[in-house]
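**Q** mmCIF, C-alpha atoms and all ligand atoms, file data34.cif:
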data_target
#
loop_
_atom_site.label_atom_id
_atom_site.label_comp_id
_atom_site.auth_asym_id
_atom_site.auth_seq_id
_atom_site.Cartn_x
_atom_site.Cartn_y
_atom_site.Cartn_z
CA MET X 25 21.04 -62.90 0.85
CA LEU X 26 19.00 -60.76 3.25
CA ARG X 27 15.22 -60.92 3.09
CA SER X 28 13.54 -57.75 1.77
CA THR X 29 10.94 -55.90 3.85
CA LYS X 30 8.24 -57.14 1.45
CA GLU X 31 9.39 -60.75 1.90
CA THR X 32 9.43 -60.32 5.69
CA LYS X 33 5.84 -59.06 5.61
CA GLU X 34 4.77 -62.04 3.47
CA LEU X 35 6.61 -64.49 5.73
CA PHE X 36 4.81 -63.27 8.84
CA ASN X 37 1.44 -63.06 7.08
CA GLN X 38 1.85 -66.75 6.28
CA TRP X 39 3.01 -67.59 9.80
CA ALA X 40 0.34 -65.63 11.70
CA GLN X 41 -2.25 -68.40 12.06
CA SER X 42 0.09 -71.06 13.46
CA TYR X 43 2.54 -68.73 15.26
CA ASP X 44 1.31 -69.29 18.83
CA GLN X 45 1.18 -73.05 18.43
CA ASP X 46 4.62 -73.22 16.81
CA LEU X 47 6.14 -71.17 19.63
CA GLU X 48 4.89 -73.61 22.29
CA ASN X 49 7.97 -75.69 21.52
CA ALA X 50 10.37 -73.01 20.41
CA SER X 51 13.66 -74.27 19.02
CA GLY X 52 16.58 -73.13 16.86
CA PRO X 53 17.33 -69.42 17.36
CA LEU X 54 14.11 -69.06 19.37
CA LEU X 55 15.11 -71.71 21.93
CA GLY X 56 14.16 -70.38 25.38
CA TYR X 57 11.56 -67.96 23.95
CA GLU X 58 9.15 -68.05 26.91
CA GLN X 59 11.90 -67.75 29.50
CA SER X 60 13.32 -64.74 27.64
CA LEU X 61 9.95 -63.02 27.62
CA ALA X 62 9.51 -63.66 31.35
CA ILE X 63 13.00 -62.36 32.25
CA SER X 64 12.46 -59.27 30.09
CA LYS X 65 9.18 -58.53 31.81
CA GLU X 66 11.04 -58.52 35.16
CA LEU X 67 13.78 -56.32 33.70
CA LEU X 68 11.20 -53.82 32.45
CA SER X 69 9.59 -53.59 35.90
CA ILE X 70 6.78 -51.47 34.49
CA LYS X 71 5.04 -48.87 36.60
CA LYS X 72 1.23 -49.06 36.90
CA ASN X 73 -1.10 -47.36 34.40
CA ALA X 74 1.65 -46.73 31.87
CA LYS X 75 1.21 -46.28 28.15
CA LEU X 76 3.27 -48.72 26.10
CA LEU X 77 3.98 -49.31 22.42
CA ASP X 78 4.91 -52.87 21.38
CA ILE X 79 6.66 -52.81 17.99
CA GLY X 80 6.34 -56.04 16.03
CA ILE X 81 3.69 -57.08 18.52
CA GLY X 82 2.84 -60.29 16.66
CA THR X 83 0.07 -62.04 18.57
CA GLY X 84 0.83 -60.01 21.71
CA ALA X 85 3.10 -62.44 23.58
CA PHE X 86 5.13 -59.83 25.48
CA SER X 87 2.39 -57.30 26.22
CA SER X 88 0.03 -60.01 27.47
CA LEU X 89 2.48 -60.63 30.35
CA LEU X 90 1.71 -57.12 31.60
CA SER X 91 -2.03 -57.68 32.08
CA GLU X 92 -1.90 -57.11 35.86
CA THR X 93 -0.29 -53.69 35.57
CA ASP X 94 -3.20 -51.83 33.91
CA THR X 95 -0.94 -50.94 31.03
CA GLU X 96 -2.49 -49.18 28.03
CA VAL X 97 -1.09 -51.29 25.20
CA TRP X 98 -0.58 -49.98 21.70
CA GLY X 99 0.85 -52.37 19.13
CA ILE X 100 2.12 -52.10 15.60
CA ASP X 101 3.21 -54.82 13.22
CA ILE X 102 4.31 -55.01 9.60
CA SER X 103 1.98 -57.98 9.05
CA GLU X 104 -1.75 -57.35 8.67
CA ASP X 105 -2.44 -60.97 9.56
CA MET X 106 -0.47 -60.75 12.81
CA VAL X 107 -2.51 -57.65 13.69
CA ILE X 108 -5.73 -59.61 12.99
CA GLN X 109 -4.58 -62.51 15.23
CA CYS X 110 -3.61 -60.07 17.97
CA GLU X 111 -6.96 -58.25 17.73
CA LYS X 112 -8.81 -61.54 18.21
CA LYS X 113 -6.86 -62.28 21.40
CA HIS X 114 -6.63 -58.72 22.73
CA PRO X 115 -9.54 -56.57 21.59
CA GLU X 116 -8.58 -54.07 24.31
CA TYR X 117 -5.26 -53.18 22.61
CA TYR X 118 -4.87 -50.27 20.17
CA LEU X 119 -3.46 -52.02 17.10
CA LYS X 120 -2.28 -50.81 13.71
CA VAL X 121 -0.17 -51.90 10.80
CA GLY X 122 3.13 -50.04 11.22
CA THR X 123 6.86 -50.64 11.31
CA PHE X 124 10.02 -49.50 13.07
CA SER X 125 10.69 -47.33 10.01
CA GLU X 126 7.13 -46.01 9.63
CA PRO X 127 5.42 -46.46 12.99
CA ASN X 128 2.10 -44.90 11.91
CA VAL X 129 1.23 -43.66 15.43
CA ASP X 130 0.70 -40.06 16.54
CA GLN X 131 1.14 -40.65 20.27
CA THR X 132 4.02 -40.69 22.71
CA PHE X 133 4.67 -43.46 25.22
CA ASP X 134 6.17 -44.21 28.63
CA TYR X 135 7.63 -47.46 27.30
CA ILE X 136 8.48 -48.95 23.95
CA VAL X 137 9.08 -52.68 23.86
CA SER X 138 9.95 -54.98 21.00
CA SER X 139 10.47 -58.71 21.30
CA PHE X 140 12.12 -60.81 18.59
CA CYS X 141 11.52 -58.17 15.93
CA PHE X 142 14.45 -55.75 15.76
CA HIS X 143 16.65 -58.19 13.81
CA GLU X 144 14.02 -58.03 11.03
CA VAL X 145 14.88 -54.36 10.43
CA LEU X 146 17.45 -54.20 7.63
CA PRO X 147 20.89 -53.22 8.98
CA ASP X 148 21.04 -49.91 7.10
CA GLN X 149 17.66 -48.91 8.58
CA ARG X 150 18.39 -49.76 12.23
CA LYS X 151 19.76 -46.42 13.34
CA GLN X 152 16.73 -44.56 11.97
CA ALA X 153 14.47 -47.20 13.56
CA LEU X 154 15.99 -46.47 16.99
CA GLN X 155 15.71 -42.73 16.37
CA ASN X 156 12.01 -43.21 15.60
CA GLY X 157 11.68 -45.11 18.88
CA SER X 158 13.38 -42.31 20.78
CA ASP X 159 11.06 -39.73 19.18
CA LEU X 160 7.99 -41.73 20.23
CA LEU X 161 9.04 -41.85 23.90
CA LYS X 162 7.93 -39.29 26.43
CA SER X 163 10.57 -37.55 28.49
CA GLY X 164 11.72 -40.16 31.05
CA GLY X 165 10.58 -43.01 28.81
CA LYS X 166 12.28 -46.39 28.47
CA LEU X 167 13.03 -48.71 25.57
CA LEU X 168 13.25 -52.48 25.96
CA LEU X 169 14.55 -54.57 23.07
CA LEU X 170 14.57 -58.36 23.39
CA ASP X 171 15.92 -60.26 20.44
CA ILE X 172 18.14 -62.92 18.99
CA MET X 173 21.50 -61.18 19.32
CA PHE X 174 25.14 -62.08 19.77
CA ALA X 175 27.94 -60.60 21.85
CA SER X 176 30.51 -60.75 19.04
CA LYS X 177 31.11 -61.94 15.47
CA GLN X 178 32.70 -65.08 16.96
CA ALA X 179 29.53 -65.70 19.00
CA VAL X 180 27.53 -65.47 15.74
CA GLN X 181 29.73 -68.19 14.22
CA ASP X 182 29.37 -70.38 17.31
CA GLY X 183 25.58 -69.88 17.28
CA LYS X 184 25.41 -70.73 13.59
CA GLU X 185 27.23 -74.02 14.20
CA ALA X 186 25.10 -74.89 17.23
CA ILE X 187 21.79 -74.05 15.53
CA GLY X 188 22.74 -75.85 12.31
CA GLU X 189 19.95 -76.31 9.76
CA TYR X 190 17.59 -73.98 11.64
CA TRP X 191 19.94 -71.01 11.27
CA ASP X 192 18.19 -68.28 9.23
CA SER X 193 20.66 -67.20 6.59
CA THR X 194 18.21 -64.58 5.24
CA GLY X 195 18.49 -62.60 8.50
CA ASP X 196 21.23 -60.53 10.15
CA TYR X 197 21.25 -60.74 13.93
CA PRO X 198 22.50 -57.65 15.79
CA ILE X 199 25.91 -57.60 17.49
CA ILE X 200 25.62 -56.14 20.97
CA GLY X 201 28.52 -53.67 20.79
CA GLU X 202 27.21 -52.25 17.51
CA LEU X 203 23.65 -51.92 18.82
CA ASP X 204 24.88 -50.40 22.08
CA ALA X 205 26.76 -47.71 20.12
CA MET X 206 23.68 -47.05 17.97
CA LEU X 207 21.50 -46.63 21.07
CA ARG X 208 23.88 -44.00 22.43
CA GLU X 209 23.86 -42.18 19.06
CA THR X 210 20.06 -42.07 18.91
CA GLY X 211 19.27 -40.49 22.26
CA PHE X 212 19.47 -43.35 24.78
CA ILE X 213 21.53 -43.64 27.96
CA ASN X 214 21.98 -46.18 30.79
CA ALA X 215 21.76 -49.20 28.47
CA HIS X 216 21.50 -52.27 30.71
CA TRP X 217 22.18 -55.57 28.94
CA ILE X 218 21.17 -59.03 30.09
CA GLN X 219 21.41 -62.44 28.40
CA THR X 220 17.99 -64.08 28.67
CA GLY X 221 18.50 -67.29 26.67
CA PRO X 222 21.12 -69.24 24.72
CA TYR X 223 20.83 -66.83 21.77
CA HIS X 224 18.78 -64.02 23.32
CA TRP X 225 19.69 -60.71 24.89
CA ALA X 226 17.55 -57.90 26.24
CA VAL X 227 18.54 -54.28 26.62
CA LEU X 228 16.70 -51.69 28.70
CA ALA X 229 17.68 -48.08 28.03
CA ASP X 230 16.47 -44.67 29.15
CA LYS X 231 15.60 -41.88 26.79
CA ASN X 232 18.19 -39.15 27.28
CA ASN X 233 16.07 -36.25 28.42
CA GLU X 234 18.91 -33.78 27.80
CA ILE X 235 18.50 -34.20 24.05
CA THR X 236 15.66 -32.24 22.46
CA ARG X 237 14.83 -32.72 18.83
CA ASN X 238 12.33 -30.97 16.62
CA SER X 239 9.87 -33.84 16.68
CA PRO X 240 6.33 -33.00 15.53
CA LEU X 241 5.05 -34.94 18.57
CA LYS X 242 6.79 -32.76 21.17
C1 LIG V 1 9.25 -63.40 15.62
S1 LIG V 1 7.81 -62.38 15.60
C2 LIG V 1 7.73 -61.77 17.29
C3 LIG V 1 6.32 -61.42 17.67
C4 LIG V 1 6.14 -61.05 19.16
N1 LIG V 1 6.78 -59.78 19.47
C5 LIG V 1 6.67 -62.14 20.04
O1 LIG V 1 7.55 -61.89 20.88
O2 LIG V 1 6.19 -63.26 19.91
C6 LIG V 1 8.36 -60.92 14.75
C7 LIG V 1 7.21 -59.94 14.50
O3 LIG V 1 7.73 -58.72 14.00
C8 LIG V 1 6.97 -58.30 12.88
N2 LIG V 1 7.87 -57.47 12.06
C9 LIG V 1 8.86 -57.87 11.26
N3 LIG V 1 9.53 -56.81 10.78
C10 LIG V 1 8.94 -55.70 11.31
C11 LIG V 1 9.19 -54.31 11.24
N4 LIG V 1 10.17 -53.83 10.48
N5 LIG V 1 8.40 -53.46 11.94
C12 LIG V 1 7.38 -53.94 12.69
N6 LIG V 1 7.08 -55.25 12.78
C13 LIG V 1 7.87 -56.12 12.13
C14 LIG V 1 6.48 -59.58 12.25
O4 LIG V 1 5.36 -59.41 11.44
C15 LIG V 1 6.20 -60.44 13.47
O5 LIG V 1 4.89 -60.25 13.97
#
Written as C-alpha cells, how would this file's structure read?
Ligand SMILES: C[S@@+](CC[C@H](N)C(=O)[O-])C[C@H]1O[C@@H](n2cnc3c(N)ncnc32)[C@H](O)[C@@H]1O
**A**
Amino acid sequence: MLRSTKETKELFNQWAQSYDQDLENASGPLLGYEQSLAISKELLSIKKNAKLLDIGIGTGAFSSLLSETDTEVWGIDISEDMVIQCEKKHPEYYLKVGTFSEPNVDQTFDYIVSSFCFHEVLPDQRKQALQNGSDLLKSGGKLLLLDIMFASKQAVQDGKEAIGEYWDSTGDYPIIGELDAMLRETGFINAHWIQTGPYHWAVLADKNNEITRNSPLK
C-alpha cells in the first residue's frame, strides 16, 4: 500500500539527522546517487545569478553543487527536520516548510529543481504538482526533475528484482512516458531526458511561454 503524505513527512523527519551519512554509501534504489546529482548539475547548466527553488531540498545536496554560480537558493521541504538540517548547513538559503502540492512561496523563479522527491508525490497529485511548478516559474524558466524512475512497466519489474529487499513497496516510481505526457499537459516543452544512474533519470524541460494562466503571481 502507498505511504500517505503524513507518513512520508514522519519518515523524513526521522531520517533527517542521519540522512547525509547514510547517503555516503547509497545503495538500493539510490545506487549512484552522487553521480546522478553531478550529471544533473551539468544538464541544468545554470546561468549566473539565477533564482532557484529546490523542492524537497532535504539537506541541500543538489543546490550545494551550485555554490560557484551565485545562485539565490530557495528551498522547501515537507519535513520540518530536513529544513532544520538544511538551515544548519546553508544559513544563506531561503528555506520553508512546503510541498509540491502546497509550495508556500510567493515568488517566481528562473529554475525549479527537485532531486529524489517527485516519486513521493502521490500519483493522483502529480499533475497538479507539475502545474504548481509551472506557475512558479518565470517566463523562460526551466524545470529539472531527477528521481528514481523507470522507462517502462517492464523496467519497474526488472528493477524490483534487481533491488530485492531494498525495494520500497510503499512508493510508486514514475514511468517516463507517463511523466513526459504530464509535463506537456502542464505547460512544459522541450523535455530532454537522460539516464543518470541504474535506476535514475533526469528531465530538463522549458516552461512554455506561449501558455498564460491566471496565476496570482503573474
Ligand atoms: C530522498 S530525499 C531527497 C533530498 C534531496 N533533494 C537530495 O537529493 O538529497 C526526499 C526529500 O523530499 C521531501 N519530500 C517528500 N515528499 C515531499 C513533497 N510532497 N513535497 C516536498 N518535499 C517532499 C522529504 O522530506 C525529503 O527531504
**Q** Rank nothing, just name the residue among X:Thr123, X:Thr194, X:Asn37, X:Asn233 nearest to ligand LIG 1 (chain V), using all atoms listed in the file.
**A**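 Checking each candidate against ligand LIG 1 (chain V), we get X:Thr123 as the closest.
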**Q** Could you list, as a ChimeraX atom specification, all protein and nucleic acid residues with an atom at most 8 Å from ligand LIG 1 (chain V), counting all atoms listed in the file?
**A** /X:29,32-33,35-37,40,44,47,57,61,78-86,100-104,106-107,122-127,138-146
**Q** Could you please determine the separation between CA of Tyr223 in chain X and CA of Trp39 in chain X in Å, to one decimal place?
**A**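 CA of Tyr223 in chain X sits 21.5 Å away from CA of Trp39 in chain X.
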**Q** What is the CA of Glu189 in chain X-CA of Ile172 in chain X distance in Å, reported with one decimal?
**A**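 Value for the CA of Glu189 in chain X-CA of Ile172 in chain X distance: 16.4 Å.
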**Q** Give me, please, the distance in Å between CA of Leu55 in chain X and CA of Arg208 in chain X, quoted to one decimal.
**A**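 Between CA of Leu55 in chain X and CA of Arg208 in chain X the gap is 29.1 Å.
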**Q** Env of range 163-168 of chain X: 7 Å cut, atoms = all atoms listed in the file, seq-sep filter 4 positions within chain, self excluded. Answer as an mmCIF file with C-alpha atoms, keeping the file's coordinate frame.
**A**
data_model
loop_
_atom_site.group_PDB
_atom_site.id
_atom_site.type_symbol
_atom_site.label_atom_id
_atom_site.label_comp_id
_atom_site.auth_asym_id
_atom_site.auth_seq_id
_atom_site.Cartn_x
_atom_site.Cartn_y
_atom_site.Cartn_z
ATOM 1 C CA LEU X 68 11.200 -53.820 32.450
ATOM 2 C CA PHE X 133 4.670 -43.460 25.220
ATOM 3 C CA ASP X 134 6.170 -44.210 28.630
ATOM 4 C CA TYR X 135 7.630 -47.460 27.300
ATOM 5 C CA ILE X 136 8.480 -48.950 23.950
ATOM 6 C CA VAL X 137 9.080 -52.680 23.860
ATOM 7 C CA SER X 138 9.950 -54.980 21.000
ATOM 8 C CA ALA X 226 17.550 -57.900 26.240
ATOM 9 C CA VAL X 227 18.540 -54.280 26.620
ATOM 10 C CA LEU X 228 16.700 -51.690 28.700
ATOM 11 C CA ALA X 229 17.680 -48.080 28.030
ATOM 12 C CA ASP X 230 16.470 -44.670 29.150
ATOM 13 C CA LYS X 231 15.600 -41.880 26.790
ATOM 14 C CA ASN X 233 16.070 -36.250 28.420
#
**Q** Given all atoms listed in the file as the basis, pick out the residue of X:Ile218, X:Met206, X:Ala179, X:Val121 nearest to Gln152 in chain X.
**A** X:Met206
**Q** Hey, which of X:Leu26, X:Thr132, X:Gln45, X:Glu31 ends up closest to Ala74 in chain X? Count only C-alpha atoms.
**A** X:Thr132
